[in-house]
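Reviewing the structure listed below.
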Amino acid sequence: MPTAVNQNSDEATHNLAVRIVFDNLAGEEGQGKQRYRIYAHHLARACWYGTRIMLRQCSPEAEGIFEFILELHRACGGSWDNFLQLGITQNDLDAWLSFAGMFLSSLGNYFGDGDHKVIPDISEDALRNMAKVSPKASAKLESIIDPMMATQPSSLGYPGERTQSGYYTGDENITKGEIEAISKIMEAKNIALENTRLLKHTEDIDSEQESFDLIFEILQASADKDPEPQFLGEIRTETGRSMKISLRRGDHSSEMDKICVELTKAREYAATEAQRTALSQLIKSFRTGDYEAFRDAQKAWVTDKAPRVEHCMGFLFGYRDPHGLRAEWQAAAGIAHSQETEKVRRVVEMSSEIIRTLPWAVANDNNGKGPFEPGELEVRDFAIVHVLASVSSTVWEATNITIDDDGKRHGVKSIVYGNRMSLNAVSSRPCLYVTSSESNSYMACAHIVRFIGTTIHEIIGHGTGKLLAEISPGKFNFDQLHPPVSPLTGQPIHTWYKPGETWNSVFGKLAMTVEECRAFLTANYLADNKDILRLFGYDQTSTPTADDLFNTYLHIGVEGLRALRSFDGEDRIWRGDHDQAQFAILKHILQDGGGVMRIEQNIDASVLSVHIDRSKIVSHGKASIGRMLCKISIWRSTADIRACRPYYEGLSAVDGIYEKWRQVVLSNPEPRWKFVQPNTFLREDGTVEIKEYDASNIGIIQSFYERNV
């Protein structure tokens, strides 16, 4: 069941400050010029025009809630205290503003732990009284109040009585079997799933003209609209019902058109040919729906090294699709912070040396990296970017894009969002699952552990591994006559990716969480690498010292426990890919780590605490992490889902004592974080103005109102 929230959350509202970095661009543009700033403005606007796409991908009522919030703001002129004069109590007003701030920060009403629905902690009568402020508000409220206040569906997932998905809509719930059957047709016709949704018709089918029981339309995101759907084929369900499958372009047409307009304007101010090529391909993809053009855009984008203004946008990751294949709109634009980036660029430069220390490396093969790493010379790009616009269900701390296609690696980009990461040092964060004797030292360096870990997670974790594949019939990207020897079995590998198969298509819903697990494990495994720590300024004389791995392992335990918030105890499934990965790591170390970590528990008092045996960190802890890392990395490289699935699902299972721990974690709720982001405005004189807002619920609402998307 969803949790109704009523939190005075200004304390947990954070400003993504970027003004100083944005204004510093002026020194590089030349007198009277604003090339970088205008470029950044149009990229940010393109990102924000995806807002309504995100809302539709969340829930049927989300876009209407968005419009209702903004209409209330318009009608009261931004003076929300005016509602008190209309008879609204302070508690009701605070509850609504708390919900509205988190809704806008999350771009949807399923922002509870584990993608659970959150209902505003305010009565329907109070909402109707607020809506009296304008006829438009009243009309909009009546169109959304029932689904907004309903307790079911309570979470995201395959459509059912208690779950729903914005990717699968229609007048009858779409089944998992139907999704799989349609996915096969799409793959056979080389139609990407990432930028599509699925609509199911069972009603109003003209029996004289149609000989089908069901009609499915694949809705493809594009600015161009098809007047009539394109027929793809017909299949039968497991129960014998006939299904007609069609493709219709034009989903989110208005938003995609606006995005293309902004990208076209941005292209005029691009600084490099790679930027112009990438933007041209993005425009082509967003206008036509051609996902191959999007892949071409990314191939060009990864070659644009160290740009002053960075961006990353599109239908990228399938985190919220219950099937794991359709991707939510995710977009970010920001300004690279040259000084901060330079501090850690050496990590990128020494990445090949670091990879040679990983468990699957082979000394005399592929320059010491072994057969499970790409052989071509790889020039990675890394930047610490201060976010100007981040449009997603959360403000991510970092992003990694690794482009593998045609059996080879085209490039890697790792972006850490500096103004988001810096907020982890906030001293008011609760310190749970650490004993009082260790809490001060842990909190003093937790943000350091997180920053270094995130950097390695993105650069090395996501940037390693070769997918061994038969690229086309008879053509392999490895020596098929003498296959590499698996470090897990000591025998030549016997599985690989077949023609047309991808990491996502083979591993399905497990793909994202296994990949995140692999990246987390890589960062954990390299936590004792003195060369890496020295680059970040930590040695034997620093605080913390390079030898002090205690807090790193505490962090693994703490994050593994915190992850239990997103496990759905009713449906027995994970609602968060990152959380599933962190819990699996915790469970593995507890079972395999030889006592390096243990959890002290007092279930009756709802207390859990992580304890680390310092003497076993290197001898037992690192070895245990290395074993898990090697397994899932090799299975990923060799498409061995049969070995990976039972292992990973076993470690992900929340049962027995772990279920009791989950109940303790749920009894210790943590403040949710909200983020208020700036806006940029292009003035008539050609200058760009940046505006930041108060770190409050009203500041978040005002920023969206002035964003005008």
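Lettering and numbering for the structure tokens are positional, with chains as A, B, ... in the shown order, residues counted from 1 in each chain, and ligands counted from 1 in the shown order.
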
* Asked: Neighbours of A:Arg429 within 10 Å (only C-alpha atoms; same-chain residues fewer than 2 positions away dropped), as number ranges by chain?
  -> A: 12, 423-427, 431-432, 443, 670-671

* Asked: If we count only C-alpha atoms, what is near A:Glu328 at a cut-off of 9 Å, once residues fewer than 3 positions away on the same chain are taken out, given as number ranges by chain?
  -> A: 53-54, 57-58, 194-195, 314-321, 392-393

* **Long-range neighbours of A:Ile191 as a PyMOL selection string, 12 Å cut-off, only C-alpha atoms, 5 positions minimum in chain** => chain A and resi 182-186+196+218-220+232+246-249+289-292+326+500

* Apply DSSP to the backbone of this structure and, from stretch 545-606 of chain A, keep only the residues in helix (DSSP H, G or I); write these as number ranges by chain. => A: 550-566, 577-592

* A:Ile493 surroundings by only C-alpha atoms, 12 Å radius, close-in-sequence under 3 positions cut, as an MDAnalysis selection string -> chainID A and resid 371:372 468:469 478:490 496:497 634:635 637:640

* Asked: Which polymer residues have any atom within 8 Å of an atom of A:Gln298, counting only C-alpha atoms, with same-chain residues fewer than 3 positions away left out, as an NGL selection string?
  -> :A and (278 or 294-295 or 301-302 or 403)

* **Long-range neighbours of A:Cys47 as an NGL selection string, 7 Å cut-off, only C-alpha atoms, 6 positions minimum in chain** => :A and (313 or 331-332 or 389 or 391)

Residues from last step as file, N, CA and C atoms, as a compact mmCIF listing (two decimals), in the first residue's frame:
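Printed below is part-v3.txt as written:
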```txt
# COMPACT_ATOMS: atom_id res chain seq x y z
N MET A 313 21.18 13.02 -23.44
CA MET A 313 19.72 12.97 -23.42
C MET A 313 19.19 11.91 -24.38
N ALA A 331 17.60 13.18 -19.32
CA ALA A 331 18.34 14.24 -20.00
C ALA A 331 19.07 15.09 -18.97
N ALA A 332 20.27 15.49 -19.31
CA ALA A 332 21.05 16.37 -18.45
C ALA A 332 21.92 17.27 -19.32
N ALA A 389 20.58 21.43 -15.97
CA ALA A 389 19.24 20.83 -16.09
C ALA A 389 19.40 19.33 -15.97
N VAL A 391 16.74 16.11 -15.96
CA VAL A 391 15.34 15.73 -16.13
C VAL A 391 15.26 14.21 -16.08
```

* To do: Find the spatial neighbours of A:Ile456, counting only C-alpha atoms, within a cut-off of 9 Å - ignore same-chain residues fewer than 2 positions away - and output them as a PyMOL selection string.
  => chain A and resi 347+451-454+458-462+519-520+522-524+526-527+532

Please produce a file of the residues just selected, as a short mmCIF file (atom, residue, chain, number, x, y, z; two decimals), in the first residue's frame, where the atoms kept are C-alpha atoms.
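Just written: result-v5.cif:
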```cif
data_model
loop_
_atom_site.label_atom_id
_atom_site.label_comp_id
_atom_site.auth_asym_id
_atom_site.auth_seq_id
_atom_site.Cartn_x
_atom_site.Cartn_y
_atom_site.Cartn_z
CA VAL A 347 42.28 8.03 -13.22
CA PHE A 451 32.80 10.43 -4.30
CA ILE A 452 35.82 8.21 -4.93
CA GLY A 453 33.60 5.15 -5.23
CA THR A 454 31.25 6.86 -7.68
CA GLU A 458 31.59 5.18 -13.58
CA ILE A 459 35.06 5.24 -15.15
CA ILE A 460 36.25 1.69 -14.51
CA GLY A 461 33.15 -0.20 -13.40
CA HIS A 462 30.88 0.66 -16.30
CA ALA A 519 30.21 -1.32 -11.25
CA PHE A 520 29.69 -1.19 -7.47
CA THR A 522 34.63 -2.80 -9.18
CA ALA A 523 34.75 0.33 -7.02
CA ASN A 524 34.77 -1.81 -3.86
CA LEU A 526 39.73 -1.13 -6.08
CA ALA A 527 39.13 0.67 -2.78
CA ILE A 532 44.04 5.72 -7.22
#
```

* Best match for closeness to A:Trp396 among A:Ala221, A:Phe675, A:Asp226, A:Asp528, counting only C-alpha atoms -> A:Phe675

* Asked: For the atom pair atom CA of A:Leu590 and atom CA of A:Asp547, what is the interatomic distance in Å to one decimal place?
  ->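 The value is 22.4 Å.
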
* What is the atom CA of A:Arg518 to atom CA of A:Glu659 distance in Å? ->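 Distance reported for this atom pair: 24.3 Å.
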
* **Test item, strand (DSSP E) assignment across stretch 233-456 of chain A, answer as a PyMOL selection string** => chain A and resi 233-236+242-251+309-317+328-336+381-391+398-405+408-417

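Distances to A:Ser390 were evaluated for A:Ser165, A:Gln90, A:Ser338, A:Gln677 using only C-alpha atoms, and the minimum falls at A:Gln677.
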
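Compared by their closest atoms to A:Leu43, and using only C-alpha atoms, the residues A:Asn400, A:Ser254, A:Asn679, A:Thr13 rank with A:Asn679 nearest.
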